[in-house]
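What's in work-v6.txt: compact mmCIF, C-alpha atoms
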# COMPACT_ATOMS: atom_id res chain seq x y z
CA MET A 1 41.67 -60.74 89.38
CA LYS A 2 38.64 -60.98 91.65
CA LYS A 3 35.35 -61.03 89.79
CA MET A 4 33.00 -58.20 90.76
CA ASN A 5 29.56 -59.09 92.05
CA ARG A 6 26.67 -57.98 89.83
CA PRO A 7 23.23 -57.06 91.13
CA ASP A 8 20.58 -59.72 90.73
CA SER A 9 19.17 -59.17 87.25
CA LYS A 10 16.04 -61.25 87.81
CA LEU A 11 12.92 -59.08 87.68
CA ASN A 12 9.80 -59.45 89.72
CA GLU A 13 7.19 -59.87 86.98
CA THR A 14 4.42 -58.60 89.23
CA GLU A 15 6.32 -55.38 89.89
CA VAL A 16 6.93 -54.84 86.20
CA LYS A 17 3.28 -55.28 85.36
CA GLN A 18 2.08 -53.02 88.17
CA ASN A 19 4.54 -50.21 87.80
CA GLY A 20 5.23 -50.38 84.09
CA ASP A 21 9.02 -50.20 84.27
CA ALA A 22 11.85 -52.64 84.58
CA GLY A 23 13.06 -51.35 87.92
CA GLY A 24 9.70 -51.59 89.58
CA GLN A 25 10.11 -48.01 90.82
CA LEU A 26 7.34 -45.43 90.96
CA SER A 27 8.00 -42.27 88.93
CA VAL A 28 9.12 -39.26 90.91
CA PHE A 29 6.28 -37.43 89.11
CA THR A 30 3.56 -39.83 90.32
CA ASN A 31 2.01 -37.32 92.72
CA VAL A 32 2.20 -34.34 90.37
CA HIS A 33 -1.28 -32.90 89.91
CA THR A 34 -2.54 -31.47 86.66
CA ALA A 35 -2.39 -27.67 86.83
CA ALA A 36 -5.66 -25.82 86.51
CA GLY A 37 -5.99 -24.45 82.99
CA SER A 38 -6.56 -20.75 82.40
CA PRO A 39 -9.99 -19.58 81.18
CA GLU A 40 -8.38 -18.64 77.85
CA LYS A 41 -6.92 -22.12 77.40
CA ARG A 42 -10.23 -23.81 78.19
CA LEU A 43 -12.06 -21.48 75.81
CA LEU A 44 -9.61 -22.11 72.99
CA SER A 45 -9.88 -25.86 73.53
CA ALA A 46 -13.69 -25.68 73.38
CA PHE A 47 -13.52 -23.48 70.27
CA LYS A 48 -11.23 -25.92 68.45
CA LYS A 49 -13.58 -28.82 69.22
CA ASP A 50 -16.60 -26.84 68.02
CA THR A 51 -17.56 -28.02 64.52
CA ASN A 52 -20.01 -25.19 63.77
CA PRO A 53 -18.81 -23.35 60.60
CA GLY A 54 -20.03 -19.99 61.94
CA LYS A 55 -18.09 -20.13 65.20
CA ALA A 56 -16.16 -17.04 66.34
CA TYR A 57 -13.28 -16.83 68.82
CA LEU A 58 -13.18 -13.38 70.43
CA ALA A 59 -10.91 -14.18 73.40
CA GLY A 60 -7.50 -14.07 71.68
CA ARG A 61 -4.77 -11.56 72.53
CA GLU A 62 -3.31 -11.05 69.07
CA TYR A 63 -4.38 -8.42 66.57
CA TYR A 64 -6.42 -10.01 63.79
CA SER A 65 -6.76 -8.48 60.35
CA GLU A 66 -9.97 -8.35 58.30
CA ASP A 67 -9.33 -11.88 56.99
CA GLY A 68 -9.30 -13.22 60.55
CA LYS A 69 -5.58 -13.99 60.65
CA THR A 70 -2.82 -12.53 62.81
CA PHE A 71 -1.36 -9.48 61.10
CA GLU A 72 2.23 -8.89 60.02
CA LEU A 73 3.27 -5.30 59.42
CA ARG A 74 4.64 -4.67 55.94
CA LEU A 75 7.58 -2.73 57.39
CA VAL A 76 8.49 -5.56 59.73
CA ARG A 77 8.34 -8.09 56.89
CA ARG A 78 10.71 -5.92 54.87
CA ILE A 79 13.15 -5.42 57.77
CA LYS A 80 13.22 -9.18 58.37
CA GLN A 81 14.18 -9.76 54.75
CA GLN A 82 16.88 -7.09 54.88
CA LEU A 83 18.42 -8.47 58.07
CA SER A 84 18.40 -12.06 56.80
CA ALA A 85 20.14 -10.96 53.58
CA ASP A 86 22.79 -8.88 55.37
CA PRO A 87 26.15 -10.71 54.91
CA THR A 88 27.68 -8.90 57.90
CA THR A 89 25.15 -10.37 60.33
CA ARG A 90 26.62 -13.08 62.55
CA PRO A 91 24.76 -15.22 65.10
CA GLU A 92 25.89 -14.41 68.62
CA TYR A 93 24.53 -14.32 72.14
CA PRO A 94 23.48 -10.91 73.44
CA SER A 95 24.43 -9.91 76.97
CA PRO A 96 22.06 -10.94 79.81
CA LEU A 97 20.64 -7.41 79.78
CA GLY A 98 19.92 -7.59 76.04
CA LEU A 99 20.84 -5.62 72.94
CA THR A 100 22.07 -2.17 73.93
CA GLU A 101 20.42 -0.38 71.00
CA PHE A 102 17.09 -2.08 71.73
CA THR A 103 17.06 -1.18 75.44
CA ARG A 104 18.04 2.42 74.61
CA ARG A 105 15.21 2.81 72.07
CA ALA A 106 12.67 1.01 74.26
CA THR A 107 13.54 3.34 77.15
CA GLU A 108 13.10 6.40 74.93
CA VAL A 109 9.72 5.15 73.70
CA ALA A 110 8.48 4.92 77.29
CA LEU A 111 10.08 8.03 78.81
CA GLY A 112 10.72 10.32 75.84
CA LYS A 113 14.20 11.27 74.58
CA SER A 114 14.35 14.43 76.68
CA SER A 115 13.40 12.69 79.93
CA ARG A 116 15.22 14.08 82.95
CA ALA A 117 15.75 10.53 84.25
CA ILE A 118 17.57 9.58 81.02
CA VAL A 119 19.68 12.76 81.04
CA GLU A 120 20.67 12.10 84.67
CA GLU A 121 21.55 8.47 83.85
CA ARG A 122 19.35 6.91 86.51
CA VAL A 123 17.45 4.59 84.18
CA LEU A 124 18.06 0.90 83.55
CA GLY A 125 16.52 -1.00 80.65
CA VAL A 126 16.58 -4.80 80.40
CA GLN A 127 15.48 -6.80 77.35
CA THR A 128 13.27 -9.75 78.29
CA PRO A 129 11.76 -12.69 76.37
CA GLY A 130 8.28 -11.18 76.32
CA PHE A 131 6.00 -9.13 78.53
CA THR A 132 5.46 -11.85 81.15
CA ALA A 133 9.22 -12.16 81.62
CA ALA A 134 9.46 -8.38 82.17
CA VAL A 135 6.88 -8.60 84.96
CA ARG A 136 8.69 -11.59 86.48
CA LEU A 137 12.06 -9.83 86.45
CA GLY A 138 10.46 -6.78 88.06
CA ALA A 139 8.96 -8.97 90.78
CA GLU A 140 12.34 -10.61 91.44
CA LEU A 141 14.06 -7.24 91.70
CA LEU A 142 11.46 -5.93 94.13
CA ARG A 143 11.82 -8.95 96.38
CA ASN A 144 15.61 -8.67 96.33
CA TRP A 145 15.64 -4.92 97.01
CA TYR A 146 13.18 -5.11 99.86
CA ASP A 147 14.73 -8.26 101.35
CA HIS A 148 17.97 -6.37 101.94
CA CYS A 149 16.07 -3.99 104.20
CA ALA A 150 13.66 -6.39 105.90
CA ALA A 151 11.74 -9.58 105.27
CA TRP A 152 9.34 -8.47 102.54
CA CYS A 153 6.92 -10.61 100.55
CA GLY A 154 4.24 -8.10 99.63
CA PRO A 155 1.62 -6.92 99.48
CA VAL A 156 1.22 -6.43 95.75
CA TYR A 157 -2.03 -4.81 94.63
CA LEU A 158 -3.58 -5.87 91.31
CA SER A 159 -6.61 -4.35 89.64
CA SER A 160 -9.93 -6.20 89.73
CA PRO A 161 -10.25 -7.53 87.09
CA CYS A 162 -6.79 -8.06 85.64
CA ASP A 163 -4.77 -10.49 83.57
CA ASP A 164 -5.22 -13.92 85.20
CA SER A 165 -1.50 -14.68 84.99
CA LEU A 166 -0.26 -11.66 86.98
CA ALA A 167 -0.84 -13.08 90.47
CA GLY A 168 0.98 -16.29 89.55
CA ILE A 169 3.97 -14.37 88.20
CA PHE A 170 4.48 -12.51 91.49
CA GLN A 171 3.90 -15.68 93.52
CA ALA A 172 6.50 -17.54 91.45
CA ALA A 173 8.97 -14.82 92.50
CA GLY A 174 8.21 -15.56 96.17
CA ILE A 175 5.70 -12.76 96.77
CA GLN A 176 2.63 -14.47 98.21
CA ASP A 177 0.65 -11.52 99.57
CA ILE A 178 -1.45 -10.57 96.54
CA ARG A 179 -4.39 -8.21 97.03
CA GLU A 180 -6.89 -6.46 94.79
CA TYR A 181 -7.97 -2.88 94.33
CA TYR A 182 -11.30 -1.90 92.80
CA TYR A 183 -11.09 -0.90 89.15
CA TRP A 184 -14.00 -1.80 86.89
CA ASP A 185 -17.53 -1.09 88.07
CA ASP A 186 -20.28 -3.17 86.41
CA GLN A 187 -22.96 -0.63 87.23
CA GLN A 188 -21.05 2.36 85.87
CA ARG A 189 -19.59 0.30 83.01
CA GLY A 190 -16.28 2.02 83.65
CA VAL A 191 -13.49 2.76 86.13
CA CYS A 192 -14.66 3.66 89.64
CA LEU A 193 -12.02 6.09 90.91
CA ASP A 194 -13.55 6.56 94.37
CA LYS A 195 -13.40 2.87 95.27
CA LEU A 196 -9.96 2.53 93.69
CA LEU A 197 -8.60 5.33 95.89
CA GLU A 198 -10.36 3.88 98.93
CA ASP A 199 -8.54 0.56 98.48
CA LEU A 200 -5.13 2.14 97.88
CA LEU A 201 -5.59 4.41 100.89
CA LYS A 202 -5.71 1.27 103.04
CA ALA A 203 -2.55 -0.19 101.49
CA PRO A 204 0.43 -0.47 103.89
CA GLU A 205 3.52 1.61 103.16
CA ARG A 206 5.93 0.02 100.66
CA SER A 207 3.10 -1.86 98.98
CA VAL A 208 3.54 -2.37 95.24
CA VAL A 209 0.66 -1.12 93.09
CA VAL A 210 0.41 -2.60 89.60
CA LEU A 211 -1.25 -0.12 87.24
CA SER A 212 -2.04 -0.36 83.55
CA ALA A 213 -0.55 2.65 81.78
CA SER A 214 -2.54 1.95 78.63
CA ALA A 215 -4.97 -0.60 77.13
CA HIS A 216 -6.10 -2.14 80.42
CA TYR A 217 -6.62 -5.87 80.03
CA PRO A 218 -9.25 -7.21 79.96
CA THR A 219 -11.63 -4.22 80.19
CA GLY A 220 -10.14 -1.78 77.65
CA ALA A 221 -10.99 1.04 80.09
CA ASP A 222 -8.08 3.39 80.83
CA LEU A 223 -7.52 6.05 83.48
CA SER A 224 -7.79 9.68 82.38
CA HIS A 225 -4.97 12.17 82.93
CA ASN A 226 -6.89 13.72 85.82
CA GLN A 227 -7.37 10.32 87.43
CA TRP A 228 -3.67 9.57 87.04
CA THR A 229 -2.81 12.86 88.75
CA VAL A 230 -4.97 11.97 91.77
CA ILE A 231 -3.67 8.39 91.98
CA THR A 232 -0.03 9.50 91.67
CA GLU A 233 -0.46 11.99 94.51
CA LEU A 234 -1.87 9.24 96.75
CA ILE A 235 0.95 6.83 95.83
CA MET A 236 3.59 9.40 96.79
CA ARG A 237 1.79 10.41 99.97
CA ARG A 238 1.29 6.81 101.10
CA ARG A 239 4.84 5.81 100.05
CA LEU A 240 3.65 3.10 97.70
CA PHE A 241 5.66 1.77 94.75
CA PRO A 242 4.22 1.93 91.20
CA PHE A 243 4.72 -1.00 88.82
CA LEU A 244 3.34 0.14 85.45
CA LEU A 245 2.22 -2.10 82.60
CA LEU A 246 2.56 -0.98 78.99
CA PRO A 247 1.82 -4.13 76.96
CA PRO A 248 0.56 -3.02 73.53
CA GLN A 249 1.99 0.49 73.30
CA ALA A 250 0.53 2.50 70.38
CA LEU A 251 -2.34 0.05 69.77
CA CYS A 252 -4.74 1.89 72.05
CA TYR A 253 -4.88 5.36 70.50
CA GLY A 254 -2.38 5.03 67.68
CA ASN A 255 -0.19 7.54 69.47
CA VAL A 256 3.03 6.31 71.12
CA GLU A 257 3.53 9.45 73.19
CA ARG A 258 -0.06 9.61 74.45
CA GLU A 259 0.00 6.01 75.65
CA ALA A 260 3.32 6.50 77.45
CA TRP A 261 2.08 9.65 79.22
CA PRO A 262 1.38 7.94 82.59
CA VAL A 263 4.94 6.58 82.69
CA GLN A 264 6.41 9.95 81.78
CA TYR A 265 4.21 11.76 84.28
CA CYS A 266 5.21 9.48 87.17
CA ALA A 267 8.88 9.83 86.26
CA SER A 268 8.53 13.63 86.06
CA GLN A 269 7.28 13.64 89.65
CA GLY A 270 10.56 12.12 90.80
CA MET A 271 9.03 8.72 91.50
CA GLU A 272 10.96 5.48 91.38
CA LEU A 273 9.10 2.96 89.26
CA LEU A 274 9.16 -0.19 87.21
CA CYS A 275 7.49 -0.48 83.82
CA ALA A 276 6.98 -3.71 81.86
CA GLN A 277 6.73 -3.19 78.10
CA SER A 278 5.88 -5.45 75.18
CA PHE A 279 6.78 -4.93 71.53
CA SER A 280 5.20 -8.17 70.32
CA HIS A 281 1.78 -6.62 69.72
CA CYS A 282 2.72 -3.29 68.18
CA PHE A 283 5.26 -4.90 65.82
CA GLY A 284 3.31 -8.09 65.10
CA LEU A 285 6.17 -10.17 66.52
CA TYR A 286 4.01 -12.69 68.38
CA GLY A 287 6.44 -15.58 67.94
CA GLU A 288 9.48 -13.49 68.87
CA ALA A 289 8.57 -12.58 72.48
CA VAL A 290 10.09 -9.09 72.64
CA GLY A 291 9.75 -7.51 76.08
CA HIS A 292 11.50 -4.85 78.13
CA LEU A 293 11.71 -3.90 81.80
CA LEU A 294 12.31 -0.24 82.56
CA CYS A 295 13.65 0.79 85.98
CA VAL A 296 13.63 4.46 86.97
CA LEU A 297 15.76 5.14 90.07
CA LYS A 298 16.07 8.11 92.39
CA GLN A 299 19.88 8.42 92.13
CA ASN A 300 22.28 7.32 89.41
CA SER A 301 24.62 6.03 92.16
CA LEU A 302 22.24 3.05 92.46
CA LEU A 303 22.43 2.13 88.78
CA LEU A 304 25.42 -0.23 88.84
CA SER A 305 24.19 -2.23 91.83
CA VAL A 306 20.69 -2.62 90.34
CA GLN A 307 22.22 -3.53 87.00
CA SER A 308 24.34 -6.25 88.58
CA GLN A 309 21.33 -7.62 90.48
CA ALA A 310 19.28 -7.70 87.28
CA ALA A 311 22.06 -9.52 85.38
CA THR A 312 22.39 -12.11 88.15
CA ILE A 313 18.63 -12.77 88.19
CA VAL A 314 18.45 -13.00 84.40
CA LYS A 315 21.23 -15.61 84.32
CA SER A 316 19.20 -17.83 86.63
CA LEU A 317 15.95 -17.38 84.69
CA TRP A 318 16.75 -17.34 80.96
CA ALA A 319 20.50 -16.59 80.67
CA GLN A 320 20.06 -14.17 77.77
CA PRO A 321 17.15 -13.08 75.55
CA SER A 322 16.99 -13.88 71.85
CA ALA A 323 18.27 -11.22 69.48
CA GLY A 324 16.00 -11.63 66.45
CA GLY A 325 12.86 -9.70 67.37
CA ALA A 326 14.73 -7.10 69.41
CA ASN A 327 17.01 -6.43 66.46
CA ILE A 328 13.97 -5.73 64.25
CA VAL A 329 12.48 -3.32 66.81
CA ALA A 330 15.81 -1.53 67.27
CA THR A 331 16.26 -1.22 63.50
CA VAL A 332 12.86 0.41 63.14
CA LEU A 333 13.08 2.74 66.15
CA SER A 334 16.57 3.97 65.28
CA ASN A 335 15.54 5.11 61.79
CA PRO A 336 13.24 8.19 61.65
CA ALA A 337 11.77 7.16 58.28
CA HIS A 338 11.00 3.69 59.61
CA VAL A 339 9.38 5.20 62.71
CA VAL A 340 7.03 7.30 60.54
CA GLU A 341 6.05 4.24 58.49
CA TRP A 342 5.57 2.11 61.61
CA LYS A 343 3.33 4.72 63.24
CA GLU A 344 1.21 4.93 60.07
CA GLU A 345 0.67 1.17 60.01
CA VAL A 346 -0.20 1.12 63.70
CA LYS A 347 -2.60 4.03 63.16
CA HIS A 348 -4.49 2.02 60.53
CA ILE A 349 -4.83 -0.86 63.00
CA VAL A 350 -6.26 1.43 65.66
CA GLU A 351 -8.64 3.10 63.20
CA ARG A 352 -9.97 -0.28 62.10
CA CYS A 353 -10.57 -1.32 65.73
CA MET A 354 -12.44 1.93 66.40
CA LEU A 355 -14.54 1.44 63.25
CA ILE A 356 -15.48 -2.06 64.45
CA ARG A 357 -16.56 -0.59 67.78
CA GLU A 358 -18.75 1.98 66.04
CA LEU A 359 -20.30 -0.60 63.71
CA LEU A 360 -21.02 -3.03 66.54
CA ARG A 361 -22.59 -0.26 68.63
CA GLU A 362 -24.82 0.75 65.69
CA ARG A 363 -25.86 -2.85 64.96
CA LEU A 364 -26.85 -3.38 68.59
CA ARG A 365 -28.79 -0.11 68.62
CA LEU A 366 -30.73 -1.08 65.48
CA LEU A 367 -31.49 -4.50 66.93
CA GLY A 368 -32.90 -2.85 70.06
CA ALA A 369 -30.36 -4.48 72.39
CA PRO A 370 -31.12 -3.43 76.00
CA GLY A 371 -28.88 -0.81 77.59
CA CYS A 372 -26.61 1.95 76.34
CA TRP A 373 -23.73 0.77 74.15
CA ASP A 374 -21.76 4.01 74.03
CA ARG A 375 -19.18 2.34 76.24
CA LEU A 376 -17.98 0.39 73.20
CA THR A 377 -16.57 3.57 71.69
CA GLN A 378 -15.58 5.12 75.03
CA GLN A 379 -13.10 2.29 75.56
CA SER A 380 -10.10 1.85 73.30
CA GLY A 381 -7.49 -0.62 72.15
CA LEU A 382 -7.90 -4.29 71.26
CA TYR A 383 -10.07 -5.20 74.23
CA CYS A 384 -13.59 -4.28 75.18
CA ASN A 385 -15.84 -5.04 78.15
CA THR A 386 -19.35 -5.77 76.87
CA GLY A 387 -20.95 -5.87 80.33
CA LEU A 388 -22.37 -9.35 79.69
CA ASN A 389 -22.60 -11.61 82.73
CA GLU A 390 -21.34 -15.20 82.96
CA ASP A 391 -24.71 -16.74 82.08
CA GLN A 392 -24.95 -14.59 78.96
CA VAL A 393 -21.36 -15.42 78.00
CA GLU A 394 -22.15 -19.13 78.42
CA PHE A 395 -25.26 -18.70 76.26
CA LEU A 396 -23.07 -17.24 73.52
CA SER A 397 -20.64 -20.16 73.52
CA GLN A 398 -23.19 -22.95 74.01
CA ARG A 399 -26.02 -21.70 71.80
CA ARG A 400 -24.35 -19.32 69.34
CA HIS A 401 -20.76 -20.65 69.12
CA VAL A 402 -19.31 -17.22 69.98
CA TYR A 403 -16.51 -17.39 72.54
CA LEU A 404 -15.79 -14.51 74.96
CA LEU A 405 -13.87 -14.40 78.23
CA PRO A 406 -16.04 -15.21 81.29
CA SER A 407 -15.82 -11.55 82.31
CA GLY A 408 -17.65 -10.55 79.11
CA CYS A 409 -14.54 -9.06 77.53
CA LEU A 410 -13.68 -9.53 73.87
CA ASN A 411 -10.98 -8.75 71.32
CA VAL A 412 -12.60 -6.31 68.88
CA SER A 413 -10.09 -7.03 66.10
CA ALA A 414 -11.50 -10.59 65.85
CA ILE A 415 -14.74 -9.07 64.53
CA ASN A 416 -14.79 -8.54 60.77
CA GLY A 417 -17.15 -7.98 57.87
CA ARG A 418 -18.05 -11.67 57.71
CA ASN A 419 -19.07 -12.17 61.32
CA LEU A 420 -20.14 -8.69 62.52
CA ASP A 421 -23.88 -9.13 61.97
CA TYR A 422 -23.88 -12.63 63.45
CA ILE A 423 -22.01 -11.49 66.58
CA ALA A 424 -24.32 -8.48 67.07
CA GLU A 425 -27.38 -10.71 66.68
CA SER A 426 -25.86 -13.23 69.12
CA ILE A 427 -25.22 -10.55 71.77
CA HIS A 428 -28.78 -9.27 71.31
CA ARG A 429 -30.17 -12.78 71.83
CA ALA A 430 -27.98 -13.33 74.91
CA LEU A 431 -29.47 -10.17 76.42
CA THR A 432 -33.11 -10.91 75.53
CA THR A 433 -33.39 -14.69 75.87
CA SER A 434 -34.61 -16.05 79.20
CA LEU A 435 -31.71 -18.10 80.57
Is it possible to give me this structure as structure tokens?
Amino acid sequence: MKKMNRPDSKLNETEVKQNGDAGGQLSVFTNVHTAAGSPEKRLLSAFKKDTNPGKAYLAGREYYSEDGKTFELRLVRRIKQQLSADPTTRPEYPSPLGLTEFTRRATEVALGKSSRAIVEERVLGVQTPGFTAAVRLGAELLRNWYDHCAAWCGPVYLSSPCDDSLAGIFQAAGIQDIREYYYWDDQQRGVCLDKLLEDLLKAPERSVVVLSASAHYPTGADLSHNQWTVITELIMRRRLFPFLLLPPQALCYGNVEREAWPVQYCASQGMELLCAQSFSHCFGLYGEAVGHLLCVLKQNSLLLSVQSQAATIVKSLWAQPSAGGANIVATVLSNPAHVVEWKEEVKHIVERCMLIRELLRERLRLLGAPGCWDRLTQQSGLYCNTGLNEDQVEFLSQRRHVYLLPSGCLNVSAINGRNLDYIAESIHRALTTSL
């Protein structure tokens, strides 16, 4: 038998020393650049390195209880225990579209049980691993739908300001034309409807407009019913497509129906729409990543084709969502007694956040902080825009060890009885100290 030739096993010592591996080959990742970190990540890193015992991190997205820790609802804790003790429960993969009972209940929470779209069976719900995944799936569906008609890659209109990750999510789906519409006005300390409408009036037909249905991040300033009516009329007249965001439903006003009103109103006008939902906040399931994408169509004849497209996209992105958190949400929402208890717990969360807003406003007034601070109580939800500029925000982190987003927005639930006075005093100093 002829002996096979073996490659020369002698190594070039110089190559090994220079390249750090036996083959002398450069890594395929050599030219990979470090991605730019988000403002939140940089803030959290700075906060963790800060050794000051009085430091305060007000840039988080979770709901924090009075003891400064993320909060677990008592009902959710109990349901978890019940499900883990259930001998009939078996581990199994859900379908790509998720747990049927979860998607049904999530759809009802957004549209209402008596929704005409639900009755006419022209609604599709897809469970996703979190809110971000719901936005991504919606972006993929839009690109696929529009690509069948013509080459479409935008534009998508995002509010200014908005969640920093939104633009990247749409770009990752192949939609590169990302534009802004005016939302928050620093002078008015609120939403500027006139400039918002002016920007959307210039939007080309078939543009996608991303709108916060409730608890706008990061400002905490929501559109009124009258403003929604005007915006919806313009969207229909200009043939734009609404993509609604409903991240922490019920944590803005403590009223599930009130916070879903924009979604229900748009659907009642016969509009097609997408709506990304999150149940991680309102159920305290931060580690579970429980999201949902709602699609409202014009005709039920389109449902099967859209459903098949969604399933195909999901298989290429995450195959199937996890069942744990969605099972908890479905268990709660399918039991009327559980729903009452859940709403009561959520109501207490909202009431505490509003009390913090009132206390902070009063502390700032007593300290003589410049300006009117009524906006603190005019906004709602977990987030609040203080109106502080970047220099003042930097003063807070560098001199007072209080960390806010660069936009001056903060998470009000991170303020508690132990740090309230210090934070109020710090904001007062940021406003009155010569920088």
Report task. Name the closest residue to A:Phe170 among the candidates A:Leu388, A:Ala85, A:Val208, A:Ile235; distances are taken between atoms, counting all atoms listed in the file. Result ->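 For A:Phe170, the nearest of the given residues is A:Val208.
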Report task. Using all atoms listed in the file, collect all residues at a distance of at most 9 Å from (-17.7, -25.5, 77.7) as written in the file, then present them as a ChimeraX atom specification. Result -> /A:42-43,45-47,394,397-398
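The spacing separating atom CA of A:Leu285 from atom CA of A:Glu72 amounts to 7.7 Å.
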Query - Minimum-distance residue to A:Val350, chosen among A:Val290, A:Tyr253, A:Gln269, A:Pro247 (using all atoms listed in the file) - result: A:Tyr253
**Report entry** Between atom CA of A:Ser207 and atom CA of A:Arg136 - distance in Å to one decimal
**Finding:**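 One can read the atom CA of A:Arg136 to atom CA of A:Ser207 distance as 16.8 Å.
Minimum atom-to-atom distance to A:Gln309, evaluated using only C-alpha atoms, belongs to A:Trp145 out of A:Tyr93, A:Tyr183, A:Trp145, A:Phe243.
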Report task. Compare A:Asp222, A:Ser301, A:Glu351, A:Tyr157 by their minimum atom-to-atom distance to A:Pro262, counting all atoms listed in the file, and give me the closest one. Result ->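 Ranking A:Asp222, A:Ser301, A:Glu351, A:Tyr157 by distance to A:Pro262, first place goes to A:Asp222.
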Query raised in the report: Mind pulling up the distance from atom CA of A:Ser413 to atom CA of A:Tyr63?
Result: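 Atom CA of A:Ser413 lies at a distance of 5.9 Å from atom CA of A:Tyr63.
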Edge lengths and centre, in Å to one decimal, as lines of an AutoDock Vina configuration file: that's what I need for the box along x, y and z that holds all listed atoms of stretch 34-41 of chain A plus 6 Å on each side.
center_x = -6.2
center_y = -25.1
center_z = 82.1
size_x = 19.6
size_y = 24.8
size_z = 21.4
With a distance cut-off of 7 Å and all atoms listed in the file, select the neighbouring residues of A:Gln277, excluding the residue or stretch itself and same-chain residues fewer than 3 positions from it, and output the selection as a CSV table (one decimal) with C-alpha atoms, in the coordinates of the input.
chain,number,residue,atom,x,y,z
A,131,PHE,CA,6.0,-9.1,78.5
A,245,LEU,CA,2.2,-2.1,82.6
A,246,LEU,CA,2.6,-1.0,79.0
A,247,PRO,CA,1.8,-4.1,77.0
A,291,GLY,CA,9.8,-7.5,76.1
A,292,HIS,CA,11.5,-4.8,78.1
A,293,LEU,CA,11.7,-3.9,81.8
Requested in this report: Compute the distance from (20.4, -13.9, 85.8) to each atom, counting all atoms listed in the file, keep the residues with any atom at most 12 Å away, and return them as an MDAnalysis selection string; use the coordinates of the file.
Outcome: chainID A and resid 95:98 126 128 136:137 140:141 307:321
Requested in this report: Have a look at A:Gly190, A:Pro218, A:Gly138, A:Gly287 and name the one nearest to A:Gly60; count only C-alpha atoms.
Outcome: A:Pro218
**Report entry** Pick from A:Leu197, A:Ile415, A:Ala369, A:Ile118 nearest to A:Arg105, counting all atoms listed in the file
**Finding:**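 Ranking A:Leu197, A:Ile415, A:Ala369, A:Ile118 by distance to A:Arg105, first place goes to A:Ile118.
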With a distance cut-off of 6 Å and all atoms listed in the file, select the neighbouring residues of stretch 352-361 of chain A, excluding the residue or stretch itself and same-chain residues fewer than 5 positions from it, and output the selection as an mmCIF file with C-alpha atoms, in the coordinates of the input.
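Full text of around.cif as output:
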data_model
loop_
_atom_site.group_PDB
_atom_site.id
_atom_site.type_symbol
_atom_site.label_atom_id
_atom_site.label_comp_id
_atom_site.auth_asym_id
_atom_site.auth_seq_id
_atom_site.Cartn_x
_atom_site.Cartn_y
_atom_site.Cartn_z
ATOM 1 C CA TRP A 373 -23.730 0.770 74.150
ATOM 2 C CA LEU A 376 -17.980 0.390 73.200
ATOM 3 C CA THR A 377 -16.570 3.570 71.690
ATOM 4 C CA SER A 413 -10.090 -7.030 66.100
#
